[in-house]
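Chemist: Structure incoming, see below.
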Amino acid sequence: MSLHTRSVAELAAGLAAKEYSAVELTEYFLARIGAANPALNAFVTVTPERALADARRADATLAAGKAGPLTGIPLAHKDIFCTDGIRTACGSRMLDNFIAPYDATVVERLAAAGTVMLGKTNMDEFAMGSSNETSFYGPVKNPWDLRKVPGGSSGGSAATVAARLAPVATGTDTGGSIRQPAALAGVSGIKPTYGRVSRHGMIAFASSLDQAGILAPSAADCARLLGAMAGFDPRDSTSVDRPVPDYVAGLGASLKGVRIGIVKEFFEHGLDAANGAVIHAAIDELAKLGATLVDISCPNLPLSVPTYYVVAPAECSSNLSRFDGVRFGHRCKDPKDLLDLYLRSRGEGFGPEVKRRVMTGTYVLSAGYYDAYYLRAQKVRTLITNEFRAAFAQVDLLAGPTSPTPAFDLGAKMDDPITMYLNDIYTIGANLAGLPAMSVPCGFVGGLPVGLQLLGPHFGESQVLAAGHAYQGVTDFHRRMPASYA
Ligand code: GLN
């Protein structure tokens, strides 16, 4: 039985038809993880006891005739989401010993929907990275080619879904960390509107940019999971109190007459020619489905990378100040005084990329430089947001590449942070403006997957998902699997 090729809806139908139980389904995916994870390093923690307990509960719910669409569906959580009683390390030595005392809202809601937690996925340290190489637990390998990175920071979740070690996985996206790994690993991934999904219990990187979302083979699977995660949470003051539409019902919307903006700046600044050709072919497909293509320009969009690398480090330097060796997390041995405790605990607990961000952040927030860097970056952020707003007055969606190149070699960019940062040149804009955006598989270059990015106006998740679904109705890139894991 090749259950890993089935969609979430098909898996749920098999459970309802008693073709297999939730326990059997869980054991099937645990066995796949056991076989593939030593090479991929996609999971940092596998939780078989928890998974089987969840599965037994799901079987009882199924037997009682009370099952919902996600009852008994196995999934993996990015290790940035707090999980009650289970280590939440966030890719860092700092939290290597941290057992969260509660579940993040995302984890709690998906558990309440009846899902089965298989384990926690590897990630860049504190979600800072584009290749999953900054993790304290070592890099994740791309299932399409083990010499390549899977993208980051949700690289563990992307590799998990690409190799079908779980049907779906959660992720977070501060500057592209769901969409870029989704593109590099050949899966679908959606970052919702800022405020759509609660950040409660999600370890903070840059609070005004961070947003939780989902990675899955298809837009339809993303829609199924997103509906269960989204919605107001009084424990997150930035969560928006607004009804959650039925994303699954919305999938049927046609692309006929939908205006799709092609942002000129998305096709400049380092887009690999072969990648670009695949994206153009995908956009032609959208036009064949009835969409009207409109040329759009957002002249300040190329400033999104420098803007992000002021705003995100500023917020991270503030958020990460809580890791002081006193309350939780790593504490150095035998501190001689309080200062020594702070310095050594942080010095030992954080890796080089996190330190670089904290130093950049404290610098741009310092009295002499605040106006020159932080304040100016916030102004440019507003300009970019306004350009997107003007674009969405003319069109319904925007389309372009997710990343400039397909997956690159492990180690290729680790000594060159600027080149690494430029990976997110097409994704960061959506975070700065708080927009929903998704990457869907749209082809291959040299045997490696390429992702098409679709962006919508605030709270336009339904339109974005429907466009991805329409595209997946006429293409099969989302069904392709790396040969060793098919
Ligand atoms: N790659 C970007 C960074 O390193 C974005 C990461 C993210 O979205 N969490 O900050």
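In the structure tokens, chains take the letters A, B, ... in the order shown, each chain's residues start at 1, and ligands count up from 1 in the order shown.
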Write out as a tab-separated table the residues of chain A that have any atom within 7 Å of an atom of ligand 1, one row each with the nearest atom pair and its distance in Å to one decimal, counting only C-alpha atoms and all ligand atoms, sorted by chain and then rising number.
Modeler:
residue	atom	partner	partner_atom_place_in_ligand_line	distance
A:Ala127	CA	ligand 1	9 (N)	4.3
A:Met128	CA	ligand 1	4 (O)	3.9
A:Gly129	CA	ligand 1	4 (O)	3.5
A:Ser130	CA	ligand 1	1 (N)	4.1
A:Gly152	CA	ligand 1	1 (N)	6.4
A:Ser153	CA	ligand 1	9 (N)	5.4
A:Thr172	CA	ligand 1	9 (N)	6.4
A:Asp173	CA	ligand 1	8 (O)	4.0
A:Thr174	CA	ligand 1	8 (O)	3.4
A:Gly175	CA	ligand 1	8 (O)	3.6
A:Gly176	CA	ligand 1	8 (O)	4.2
A:Ser177	CA	ligand 1	8 (O)	3.5
A:Ile178	CA	ligand 1	8 (O)	6.8
A:Tyr421	CA	ligand 1	1 (N)	6.2
A:Asp424	CA	ligand 1	1 (N)	6.0
Chemist: Which residues are close to Asn97 (chain A), i.e. within 10 Å by only C-alpha atoms, leaving aside same-chain residues fewer than 5 positions away? Reply as a list in words.
Modeler: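 Once the adjacent positions are removed, what remains is Arg87, Thr88, Ala89, Ser92, Phe328, Gly329 and His330 of chain A.
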Chemist: Which one is closest to Lys355 (chain A): A:Glu387, A:Phe266, A:Glu125, A:Pro181? Count only C-alpha atoms.
Modeler: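 Among the listed residues, the smallest separation from Lys355 (chain A) belongs to A:Glu125.
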Chemist: Restricting the calculation to only C-alpha atoms, which member of A:Ala314, A:Phe350, A:Ala185, A:Gly171 is positioned closest to Lys148 (chain A)?
Modeler: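 Ranking A:Ala314, A:Phe350, A:Ala185, A:Gly171 by distance to Lys148 (chain A), first place goes to A:Ala185.
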Chemist: Could you list, as a list of chain:residue names, every residue within 12 Å of Gly252 (chain A), counting only C-alpha atoms and ignoring same-chain residues fewer than 2 positions away?
Modeler: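 Contacts, with the query itself left out: A:Ala219, A:Ala220, A:Ala223, A:Asp246, A:Tyr247, A:Val248, A:Ala249, A:Gly250, A:Ser254, A:Leu255, A:Lys256, A:Ser462, A:Gln463, A:Val464, A:Leu465, A:Ala466, A:Ala467, A:Gly468, A:His469, A:Ala470, A:Tyr471, A:Gln472, A:Gly473.
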Chemist: Please write the residues from the selection above to a file, keeping N, CA and C atoms, as a PDB file, in the first residue's frame.
Modeler:
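Wrote it out as out11.pdb, contents follow:
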ATOM      1  N   ALA A 219      -1.895  22.523  -3.246  1.00  0.00           N
ATOM      2  CA  ALA A 219      -2.628  23.673  -2.715  1.00  0.00           C
ATOM      3  C   ALA A 219      -3.875  23.192  -1.961  1.00  0.00           C
ATOM      4  N   ALA A 220      -4.504  22.121  -2.460  1.00  0.00           N
ATOM      5  CA  ALA A 220      -5.713  21.615  -1.801  1.00  0.00           C
ATOM      6  C   ALA A 220      -5.397  21.123  -0.390  1.00  0.00           C
ATOM      7  N   ALA A 223      -4.920  24.054   1.832  1.00  0.00           N
ATOM      8  CA  ALA A 223      -6.209  24.647   2.194  1.00  0.00           C
ATOM      9  C   ALA A 223      -6.848  23.895   3.360  1.00  0.00           C
ATOM     10  N   ASP A 246     -14.054  29.280   4.318  1.00  0.00           N
ATOM     11  CA  ASP A 246     -13.884  27.847   4.036  1.00  0.00           C
ATOM     12  C   ASP A 246     -12.941  27.736   2.833  1.00  0.00           C
ATOM     13  N   TYR A 247     -11.649  27.521   3.125  1.00  0.00           N
ATOM     14  CA  TYR A 247     -10.647  27.507   2.047  1.00  0.00           C
ATOM     15  C   TYR A 247     -10.860  26.348   1.088  1.00  0.00           C
ATOM     16  N   VAL A 248     -11.383  25.229   1.602  1.00  0.00           N
ATOM     17  CA  VAL A 248     -11.594  24.067   0.727  1.00  0.00           C
ATOM     18  C   VAL A 248     -12.733  24.367  -0.257  1.00  0.00           C
ATOM     19  N   ALA A 249     -13.794  24.957   0.268  1.00  0.00           N
ATOM     20  CA  ALA A 249     -14.924  25.306  -0.610  1.00  0.00           C
ATOM     21  C   ALA A 249     -14.473  26.305  -1.673  1.00  0.00           C
ATOM     22  N   GLY A 250     -13.517  27.182  -1.294  1.00  0.00           N
ATOM     23  CA  GLY A 250     -13.057  28.218  -2.228  1.00  0.00           C
ATOM     24  C   GLY A 250     -12.164  27.709  -3.347  1.00  0.00           C
ATOM     25  N   SER A 254     -12.646  29.654 -10.438  1.00  0.00           N
ATOM     26  CA  SER A 254     -11.906  29.579 -11.706  1.00  0.00           C
ATOM     27  C   SER A 254     -10.994  30.792 -11.869  1.00  0.00           C
ATOM     28  N   LEU A 255     -10.032  30.655 -12.767  1.00  0.00           N
ATOM     29  CA  LEU A 255      -9.117  31.766 -13.040  1.00  0.00           C
ATOM     30  C   LEU A 255      -9.649  32.665 -14.160  1.00  0.00           C
ATOM     31  N   LYS A 256     -10.805  32.315 -14.704  1.00  0.00           N
ATOM     32  CA  LYS A 256     -11.370  33.116 -15.810  1.00  0.00           C
ATOM     33  C   LYS A 256     -11.610  34.545 -15.359  1.00  0.00           C
ATOM     34  N   SER A 462      -7.850  32.627   0.094  1.00  0.00           N
ATOM     35  CA  SER A 462      -8.733  31.804  -0.743  1.00  0.00           C
ATOM     36  C   SER A 462      -8.383  31.943  -2.218  1.00  0.00           C
ATOM     37  N   GLN A 463      -8.176  33.186  -2.671  1.00  0.00           N
ATOM     38  CA  GLN A 463      -7.846  33.413  -4.080  1.00  0.00           C
ATOM     39  C   GLN A 463      -6.499  32.786  -4.432  1.00  0.00           C
ATOM     40  N   VAL A 464      -5.524  32.943  -3.512  1.00  0.00           N
ATOM     41  CA  VAL A 464      -4.186  32.398  -3.760  1.00  0.00           C
ATOM     42  C   VAL A 464      -4.265  30.869  -3.868  1.00  0.00           C
ATOM     43  N   LEU A 465      -4.962  30.254  -2.913  1.00  0.00           N
ATOM     44  CA  LEU A 465      -5.084  28.789  -2.913  1.00  0.00           C
ATOM     45  C   LEU A 465      -5.845  28.302  -4.146  1.00  0.00           C
ATOM     46  N   ALA A 466      -6.894  29.024  -4.516  1.00  0.00           N
ATOM     47  CA  ALA A 466      -7.687  28.613  -5.686  1.00  0.00           C
ATOM     48  C   ALA A 466      -6.850  28.704  -6.956  1.00  0.00           C
ATOM     49  N   ALA A 467      -6.014  29.737  -7.062  1.00  0.00           N
ATOM     50  CA  ALA A 467      -5.163  29.873  -8.252  1.00  0.00           C
ATOM     51  C   ALA A 467      -4.155  28.723  -8.299  1.00  0.00           C
ATOM     52  N   GLY A 468      -3.569  28.408  -7.153  1.00  0.00           N
ATOM     53  CA  GLY A 468      -2.621  27.287  -7.096  1.00  0.00           C
ATOM     54  C   GLY A 468      -3.313  25.978  -7.456  1.00  0.00           C
ATOM     55  N   HIS A 469      -4.521  25.821  -6.960  1.00  0.00           N
ATOM     56  CA  HIS A 469      -5.290  24.598  -7.218  1.00  0.00           C
ATOM     57  C   HIS A 469      -5.650  24.491  -8.704  1.00  0.00           C
ATOM     58  N   ALA A 470      -6.051  25.603  -9.304  1.00  0.00           N
ATOM     59  CA  ALA A 470      -6.396  25.594 -10.740  1.00  0.00           C
ATOM     60  C   ALA A 470      -5.169  25.193 -11.547  1.00  0.00           C
ATOM     61  N   TYR A 471      -4.020  25.765 -11.185  1.00  0.00           N
ATOM     62  CA  TYR A 471      -2.771  25.432 -11.890  1.00  0.00           C
ATOM     63  C   TYR A 471      -2.451  23.948 -11.718  1.00  0.00           C
ATOM     64  N   GLN A 472      -2.668  23.430 -10.518  1.00  0.00           N
ATOM     65  CA  GLN A 472      -2.368  22.017 -10.252  1.00  0.00           C
ATOM     66  C   GLN A 472      -3.386  21.077 -10.904  1.00  0.00           C
ATOM     67  N   GLY A 473      -4.514  21.646 -11.321  1.00  0.00           N
ATOM     68  CA  GLY A 473      -5.502  20.852 -12.057  1.00  0.00           C
ATOM     69  C   GLY A 473      -5.031  20.534 -13.471  1.00  0.00           C
TER      70      GLY A 473
END
Chemist: Could you give me, as a PyMOL selection string, each residue of region 357-419 of chain A that DSSP assigns to strand (DSSP E) when run on this structure's backbone?
Modeler: chain A and resi 397-401
Chemist: Find the distance between CA of Arg381 (chain A) and CA of Leu271 (chain A) and write it in Å to one decimal.
Modeler: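 CA of Leu271 (chain A) lies at a distance of 22.6 Å from CA of Arg381 (chain A).
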Chemist: With distances taken over only C-alpha atoms, which residue among A:Gly270, A:Pro417, A:Gly361, A:Gly91 lies nearest Thr405 (chain A)?
Modeler: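 Nearest to Thr405 (chain A): A:Gly270.
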Chemist: Just checking: using only C-alpha atoms, which residue out of A:Ala104, A:Val168, A:Met94, A:Leu422 ends up closest to Val354 (chain A)?
Modeler: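 Using only C-alpha atoms, the shortest distance to Val354 (chain A) belongs to A:Met94.
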Chemist: Measuring between only C-alpha atoms, which one of A:Ala390, A:Leu95, A:Leu11, A:Leu398 shows the shortest distance to Arg346 (chain A)?
Modeler: A:Leu95
Chemist: Please, which residues in region 177-284 of chain A fall within 9 Å of region 51-71 of chain A when counting only C-alpha atoms, and what is the closest atom pair and distance in Å to one decimal for each, ordered by chain then residue number, as JSON lines?
Modeler:
{"residue": "A:Arg224", "atom": "CA", "partner": "A:Leu70", "partner_atom": "CA", "distance": 7.9}
{"residue": "A:Leu225", "atom": "CA", "partner": "A:Leu70", "partner_atom": "CA", "distance": 7.9}
{"residue": "A:Ala228", "atom": "CA", "partner": "A:Leu70", "partner_atom": "CA", "distance": 8.6}
Chemist: Please identify all polymer residues within 10 Å of Ala282 (chain A), counting only C-alpha atoms, omitting same-chain residues fewer than 6 positions from it, and present them as a ChimeraX atom specification.
Modeler: /A:276,288,399-401,441-443,451-452,471,475
Chemist: Under the rule that only C-alpha atoms are counted, which of A:Val240, A:Met420, A:Met414, A:Lys191 is the nearest residue to Gln453 (chain A)?
Modeler: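 Of the candidates, the smallest distance to Gln453 (chain A) is held by A:Lys191.
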Chemist: Write down as a ChimeraX atom specification the residues belonging to region 29-94 of chain A that are assigned helix (DSSP H, G or I) by DSSP computed on the backbone.
Modeler: /A:29-40,48-63,93-94
Chemist: How would the residues just chosen look if you wrote them out with N, CA, C and O atoms as a compact mmCIF listing (two decimals), in the first residue's frame?
Modeler:
# COMPACT_ATOMS: atom_id res chain seq x y z
N PHE A 29 3.90 5.84 8.35
CA PHE A 29 4.76 7.02 8.20
C PHE A 29 5.96 6.97 9.16
O PHE A 29 7.05 7.41 8.81
N LEU A 30 5.76 6.42 10.35
CA LEU A 30 6.91 6.28 11.28
C LEU A 30 7.98 5.38 10.64
O LEU A 30 9.18 5.65 10.77
N ALA A 31 7.55 4.34 9.94
CA ALA A 31 8.52 3.45 9.28
C ALA A 31 9.26 4.20 8.16
O ALA A 31 10.47 4.03 7.98
N ARG A 32 8.55 5.05 7.42
CA ARG A 32 9.21 5.83 6.37
C ARG A 32 10.24 6.79 6.98
O ARG A 32 11.34 6.96 6.45
N ILE A 33 9.87 7.39 8.11
CA ILE A 33 10.81 8.30 8.79
C ILE A 33 12.05 7.51 9.23
O ILE A 33 13.19 7.94 9.01
N GLY A 34 11.80 6.36 9.83
CA GLY A 34 12.90 5.53 10.33
C GLY A 34 13.88 5.17 9.21
O GLY A 34 15.10 5.17 9.39
N ALA A 35 13.34 4.89 8.02
CA ALA A 35 14.20 4.48 6.91
C ALA A 35 14.94 5.65 6.29
O ALA A 35 16.11 5.54 5.92
N ALA A 36 14.27 6.81 6.18
CA ALA A 36 14.86 7.91 5.39
C ALA A 36 15.57 8.98 6.22
O ALA A 36 16.45 9.67 5.72
N ASN A 37 15.19 9.10 7.50
CA ASN A 37 15.72 10.25 8.24
C ASN A 37 17.23 10.23 8.47
O ASN A 37 17.85 11.29 8.46
N PRO A 38 17.86 9.07 8.66
CA PRO A 38 19.31 9.12 8.87
C PRO A 38 20.04 9.85 7.73
O PRO A 38 20.99 10.59 7.98
N ALA A 39 19.59 9.68 6.50
CA ALA A 39 20.25 10.38 5.38
C ALA A 39 19.78 11.82 5.23
O ALA A 39 20.55 12.70 4.89
N LEU A 40 18.49 12.07 5.50
CA LEU A 40 17.94 13.41 5.23
C LEU A 40 18.12 14.38 6.39
O LEU A 40 18.22 15.58 6.19
N PRO A 48 7.25 8.78 18.51
CA PRO A 48 6.36 7.64 18.24
C PRO A 48 5.30 7.42 19.32
O PRO A 48 4.14 7.12 18.98
N GLU A 49 5.67 7.61 20.60
CA GLU A 49 4.65 7.36 21.65
C GLU A 49 3.50 8.35 21.52
O GLU A 49 2.33 7.99 21.56
N ARG A 50 3.88 9.61 21.36
CA ARG A 50 2.86 10.65 21.22
C ARG A 50 2.02 10.38 19.96
O ARG A 50 0.79 10.50 19.97
N ALA A 51 2.69 9.99 18.87
CA ALA A 51 1.99 9.75 17.61
C ALA A 51 0.98 8.62 17.77
O ALA A 51 -0.18 8.74 17.35
N LEU A 52 1.41 7.54 18.42
CA LEU A 52 0.50 6.39 18.55
C LEU A 52 -0.64 6.70 19.52
O LEU A 52 -1.78 6.25 19.30
N ALA A 53 -0.36 7.50 20.53
CA ALA A 53 -1.44 7.90 21.45
C ALA A 53 -2.46 8.77 20.70
O ALA A 53 -3.67 8.57 20.82
N ASP A 54 -1.95 9.73 19.90
CA ASP A 54 -2.85 10.56 19.08
C ASP A 54 -3.67 9.68 18.14
O ASP A 54 -4.87 9.91 17.94
N ALA A 55 -2.99 8.68 17.55
CA ALA A 55 -3.65 7.82 16.55
C ALA A 55 -4.74 6.97 17.20
O ALA A 55 -5.82 6.80 16.63
N ARG A 56 -4.46 6.48 18.41
CA ARG A 56 -5.49 5.68 19.10
C ARG A 56 -6.72 6.54 19.40
O ARG A 56 -7.86 6.10 19.25
N ARG A 57 -6.45 7.79 19.80
CA ARG A 57 -7.56 8.70 20.06
C ARG A 57 -8.35 8.94 18.76
O ARG A 57 -9.58 8.97 18.76
N ALA A 58 -7.62 9.11 17.66
CA ALA A 58 -8.29 9.34 16.36
C ALA A 58 -9.13 8.12 15.98
O ALA A 58 -10.26 8.27 15.49
N ASP A 59 -8.60 6.92 16.23
CA ASP A 59 -9.38 5.72 15.91
C ASP A 59 -10.66 5.66 16.73
O ASP A 59 -11.72 5.26 16.21
N ALA A 60 -10.57 6.09 17.99
CA ALA A 60 -11.78 6.10 18.83
C ALA A 60 -12.79 7.11 18.28
O ALA A 60 -14.00 6.84 18.22
N THR A 61 -12.30 8.27 17.85
CA THR A 61 -13.19 9.29 17.27
C THR A 61 -13.84 8.76 16.00
O THR A 61 -15.03 8.95 15.75
N LEU A 62 -13.03 8.08 15.17
CA LEU A 62 -13.56 7.50 13.93
C LEU A 62 -14.63 6.46 14.24
O LEU A 62 -15.71 6.45 13.63
N ALA A 63 -14.33 5.62 15.24
CA ALA A 63 -15.28 4.55 15.60
C ALA A 63 -16.58 5.13 16.12
O ALA A 63 -17.66 4.57 15.91
N ARG A 93 21.50 25.31 20.00
CA ARG A 93 22.06 24.74 21.23
C ARG A 93 21.43 25.42 22.44
O ARG A 93 21.27 24.81 23.50
N MET A 94 21.07 26.71 22.27
CA MET A 94 20.49 27.47 23.38
C MET A 94 19.27 26.75 23.97
O MET A 94 19.03 26.78 25.17
Chemist: Fewer than 2 positions away in the same chain doesn't count, so skip those; otherwise give me all residues within 10 Å of Cys82 (chain A), counting only C-alpha atoms, as a PyMOL selection string.
Modeler: chain A and resi 77-80+84-90+98-108+120+200-203
Chemist: For the residues in that selection, give me C-alpha atoms as an mmCIF file, in the first residue's frame.
Modeler:
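Output file selection14.cif follows:
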data_model
loop_
_atom_site.group_PDB
_atom_site.id
_atom_site.type_symbol
_atom_site.label_atom_id
_atom_site.label_comp_id
_atom_site.auth_asym_id
_atom_site.auth_seq_id
_atom_site.Cartn_x
_atom_site.Cartn_y
_atom_site.Cartn_z
ATOM 1 C CA HIS A 77 5.682 20.320 13.262
ATOM 2 C CA LYS A 78 8.581 22.661 12.670
ATOM 3 C CA ASP A 79 10.657 22.680 15.848
ATOM 4 C CA ILE A 80 9.857 26.377 16.391
ATOM 5 C CA ASP A 84 3.876 20.321 25.651
ATOM 6 C CA GLY A 85 6.306 17.879 27.239
ATOM 7 C CA ILE A 86 8.381 17.498 24.069
ATOM 8 C CA ARG A 87 11.680 19.247 23.403
ATOM 9 C CA THR A 88 11.385 22.445 21.334
ATOM 10 C CA ALA A 89 14.944 23.387 20.363
ATOM 11 C CA CYS A 90 14.379 25.840 17.476
ATOM 12 C CA PHE A 98 14.091 23.106 26.552
ATOM 13 C CA ILE A 99 10.945 21.084 27.174
ATOM 14 C CA ALA A 100 8.020 23.374 26.452
ATOM 15 C CA PRO A 101 5.365 23.424 29.178
ATOM 16 C CA TYR A 102 2.513 24.123 26.741
ATOM 17 C CA ASP A 103 1.418 23.716 23.120
ATOM 18 C CA ALA A 104 1.579 26.575 20.619
ATOM 19 C CA THR A 105 -1.882 27.574 19.373
ATOM 20 C CA VAL A 106 -1.070 26.068 15.956
ATOM 21 C CA VAL A 107 -0.173 22.746 17.587
ATOM 22 C CA GLU A 108 -3.188 22.876 19.891
ATOM 23 C CA LYS A 120 9.513 17.922 15.123
ATOM 24 C CA HIS A 200 1.293 32.191 20.429
ATOM 25 C CA GLY A 201 3.839 29.527 21.345
ATOM 26 C CA MET A 202 5.833 30.045 18.156
ATOM 27 C CA ILE A 203 9.346 31.050 19.155
#
Chemist: Show which residues sit within 10 Å of Ala273 (chain A), as a list in words. Count only C-alpha atoms, and ignore same-chain residues fewer than 4 positions away.
Modeler: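 Listing them by chain and then by number gives Phe267, Ala277, Val278, Ile279, Pro404 and Thr405 of chain A.
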Chemist: Can you measure CA of Thr362 (chain A) to CA of Ser304 (chain A) for me? One decimal in Å is fine.
Modeler: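 The value is 20.0 Å.
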